[in-house]
Protein chains: 2
Amino acid sequence: MKPSNYPKIFKALSNEQRLKIFMSIYEQSLKSSKAGSVFPAKDSTCCVMEKAFTKMCECINLSRSTISHHFKELQNAGLIICEREGQMYRCRINEETVNSIKEFLK
Amino acid sequence: MKPSNYPKIFKALSNEQRLKIFMSIYEQSLKSSKAGSVFPAKDSTCCVMEKAFTKMCECINLSRSTISHHFKELQNAGLIICEREGQMYRCRINEETVNSIKEFLK
DNA sequence: CTGACTGTTCGATTGTTGTAGAACAGTATG
DNA sequence: CATACTGTTCTACAACAATCGAACAGTCAG
């Protein structure tokens with residue numbers, strides 16, 4: 001990871017809502033080591049992660065378009081990797097970037 | 001450290017220039033464990049840290065007022081602690097905040 | 001094929017940030 | 001006490017970010 005990427009990463013995490021979204025995905029990805037199961041069955045335990053965009057709106061109180069925007073920012077910073085497959089929205093943490101955060105100040 | 005402080009911390013580090021300033025102070029404070037010696041003698045090795053505000057301008061090419069502003073932001077985020085004592089500008093890392101950064105994603 | 005859902009893109013609006021310069025206040029030094 | 005430095009504060013402005021609603025395109029159940 002180039003040091004020049006840190007500002008970009010921190011900028012992505014500097015917005016409260018975006019940090020919430022990221023943390024949801026991060027925590028979910030800790031629970032399920034299997035990649036791609038971040039938005040899994042309908043009866044998951046996590047308030048945010050059990051629902052995709054539209055339902056996430058109810059939780060963090062933002063419009064769908066805003067949430068879409070935040071997801072794009074997170075992807076842009078290399079923090080998450082998302083892909084749509086039909087109606088399924090697959091989304092996972094980018095381990096490489098997470099590791100470089102852990103390396104920061106080490 | 002309350003989780004609510006993370007956005008603030010990351011925002012402070014999301015600006016490239018501000019991150020440079022912070023890293024200079026951080027690295028300097030690793031070298032000299034003695035607090036308060038961040039801007040020490042005139043012949044220190046570190047380009048940025050051997051000089052205070054005005055000379056720092058030459059290194060990172062910003063005006064004094066802008067650098068002052070960035071220092072304030074860093075202080076505001078709890079990342080550094082600064083105090084003036086006559087013409088001496090003492091500045092050190094806030095260990096507590098640094099630790100909470102290290103705790104992030106742990 | 002229609003209707004009801006996805007998430008996305010666009011445009012507008014409002015708020016925030018990064019920056020410089022001028023005017024300032026404190027402090028050494030001659 | 002001038003003058004030449006500190007860093008600070010204020011003001012202004014351009015650039016950027018967060019947000020929404022509307023219009024959109026893909027998908028799937030009936």
# chains A, B, ... in the order shown; residues from 1 in each chain; ligands from 1
>>> interface_residues(of="chain A", to="chain B", cutoff="10 Å", atoms="only C-alpha atoms", output="ChimeraX atom specification")
/A:4-20,23,26-27,98-99,101-106
>>> residues_around(residues="region 25-29 of chain D", least_positions_apart="2", cutoff="12 Å", atoms="only C-alpha atoms (C1' of nucleotides)", output="list in words")
Arg84, Glu85, Gly86, Gln87 and Met88 of chain A; DT2, DG3, DA4, DC5, DT6, DG7, DT8 and DT9 of chain C; DA23 of chain D
>>> closest_atom_pairs(of="chain A", to="chain D", cutoff="10 Å", atoms="only C-alpha atoms (C1' of nucleotides)", output="CSV")
residue,atom,partner,partner_atom,distance
A:Asn15,CA,D:DA18,C1',9.2
A:Leu62,CA,D:DT19,C1',8.2
A:Ser63,CA,D:DC20,C1',7.1
A:Arg64,CA,D:DC20,C1',9.5
A:Ser65,CA,D:DC20,C1',8.0
A:Thr66,CA,D:DT19,C1',6.5
A:Ile67,CA,D:DT19,C1',9.9
A:His69,CA,D:DA18,C1',9.4
A:His70,CA,D:DA18,C1',9.4
A:Gly86,CA,D:DT27,C1',6.5
A:Gln87,CA,D:DT27,C1',6.5
>>> write_last_selection(atoms="all heavy atoms", output="CSV table (one decimal), in the first residue's frame")
chain,number,residue,atom,x,y,z
A,15,ASN,N,-16.6,10.3,7.2
A,15,ASN,CA,-18.0,10.6,7.3
A,15,ASN,C,-18.7,9.6,8.2
A,15,ASN,O,-18.5,8.4,8.0
A,15,ASN,CB,-18.6,10.6,5.9
A,15,ASN,CG,-20.1,10.9,5.9
A,15,ASN,OD1,-20.9,10.0,6.1
A,15,ASN,ND2,-20.4,12.1,5.8
A,62,LEU,N,-31.1,7.7,5.5
A,62,LEU,CA,-30.6,8.4,4.3
A,62,LEU,C,-31.3,7.9,3.1
A,62,LEU,O,-31.9,6.8,3.1
A,62,LEU,CB,-29.1,8.2,4.1
A,62,LEU,CG,-28.1,8.8,5.1
A,62,LEU,CD1,-26.7,8.3,4.8
A,62,LEU,CD2,-28.2,10.3,5.1
A,63,SER,N,-31.3,8.6,2.0
A,63,SER,CA,-32.0,8.2,0.8
A,63,SER,C,-31.2,7.1,0.1
A,63,SER,O,-30.0,7.0,0.3
A,63,SER,CB,-32.3,9.4,-0.1
A,63,SER,OG,-31.0,9.8,-0.6
A,64,ARG,N,-31.9,6.4,-0.7
A,64,ARG,CA,-31.2,5.3,-1.5
A,64,ARG,C,-30.0,5.9,-2.3
A,64,ARG,O,-29.0,5.3,-2.3
A,64,ARG,CB,-32.2,4.7,-2.5
A,64,ARG,CG,-32.9,3.5,-1.9
A,64,ARG,CD,-33.9,3.0,-3.0
A,64,ARG,NE,-34.8,4.0,-3.5
A,64,ARG,CZ,-35.3,4.0,-4.7
A,64,ARG,NH1,-35.0,3.1,-5.5
A,64,ARG,NH2,-36.1,5.0,-5.1
A,65,SER,N,-30.3,7.0,-2.9
A,65,SER,CA,-29.2,7.6,-3.8
A,65,SER,C,-28.0,8.0,-2.9
A,65,SER,O,-26.9,7.8,-3.4
A,65,SER,CB,-29.7,8.8,-4.5
A,65,SER,OG,-30.2,9.8,-3.7
A,66,THR,N,-28.2,8.5,-1.7
A,66,THR,CA,-27.1,8.9,-0.9
A,66,THR,C,-26.3,7.6,-0.4
A,66,THR,O,-25.1,7.6,-0.4
A,66,THR,CB,-27.6,9.6,0.4
A,66,THR,OG1,-28.3,10.8,-0.1
A,66,THR,CG2,-26.5,10.1,1.2
A,67,ILE,N,-27.0,6.6,-0.1
A,67,ILE,CA,-26.4,5.3,0.3
A,67,ILE,C,-25.6,4.8,-0.9
A,67,ILE,O,-24.4,4.3,-0.7
A,67,ILE,CB,-27.4,4.3,0.8
A,67,ILE,CG1,-27.9,4.9,2.2
A,67,ILE,CG2,-26.8,3.0,1.0
A,67,ILE,CD1,-28.9,4.0,2.9
A,69,HIS,N,-24.3,6.4,-3.2
A,69,HIS,CA,-23.1,7.3,-3.3
A,69,HIS,C,-22.0,6.9,-2.3
A,69,HIS,O,-20.8,6.8,-2.6
A,69,HIS,CB,-23.5,8.7,-3.1
A,69,HIS,CG,-22.4,9.7,-2.8
A,69,HIS,ND1,-21.5,10.1,-3.8
A,69,HIS,CD2,-22.0,10.4,-1.7
A,69,HIS,CE1,-20.6,10.9,-3.3
A,69,HIS,NE2,-20.9,11.1,-2.0
A,70,HIS,N,-22.4,6.7,-1.0
A,70,HIS,CA,-21.5,6.3,0.0
A,70,HIS,C,-20.8,4.9,-0.3
A,70,HIS,O,-19.6,4.8,-0.1
A,70,HIS,CB,-22.1,6.2,1.4
A,70,HIS,CG,-22.4,7.6,2.0
A,70,HIS,ND1,-21.5,8.6,1.8
A,70,HIS,CD2,-23.4,8.0,2.7
A,70,HIS,CE1,-22.0,9.7,2.4
A,70,HIS,NE2,-23.2,9.4,3.0
A,86,GLY,N,-27.7,-10.3,-10.5
A,86,GLY,CA,-29.2,-10.3,-10.4
A,86,GLY,C,-29.6,-9.3,-9.4
A,86,GLY,O,-29.2,-8.2,-9.3
A,87,GLN,N,-30.5,-9.8,-8.5
A,87,GLN,CA,-31.0,-8.9,-7.5
A,87,GLN,C,-30.1,-9.0,-6.2
A,87,GLN,O,-30.3,-8.2,-5.3
A,87,GLN,CB,-32.4,-9.2,-7.1
A,87,GLN,CG,-33.4,-8.4,-7.9
A,87,GLN,CD,-34.8,-8.5,-7.5
A,87,GLN,OE1,-35.2,-9.6,-7.0
A,87,GLN,NE2,-35.6,-7.5,-7.6
>>> interface_residues(of="chain C", to="chain B", cutoff="7 Å", atoms="only C-alpha atoms (C1' of nucleotides)", output="ChimeraX atom specification")
/C:19-20,27
>>> atom_distance(atom1="CA of Glu96 (chain A)", atom2="CA of Gln28 (chain A)")
17.2 Å
>>> atom_distance(atom1="CA of Glu73 (chain A)", atom2="CA of Ser100 (chain A)")
17.7 Å
>>> atom_distance(atom1="CA of Cys82 (chain B)", atom2="C1' of DA23 (chain C)")
24.1 Å
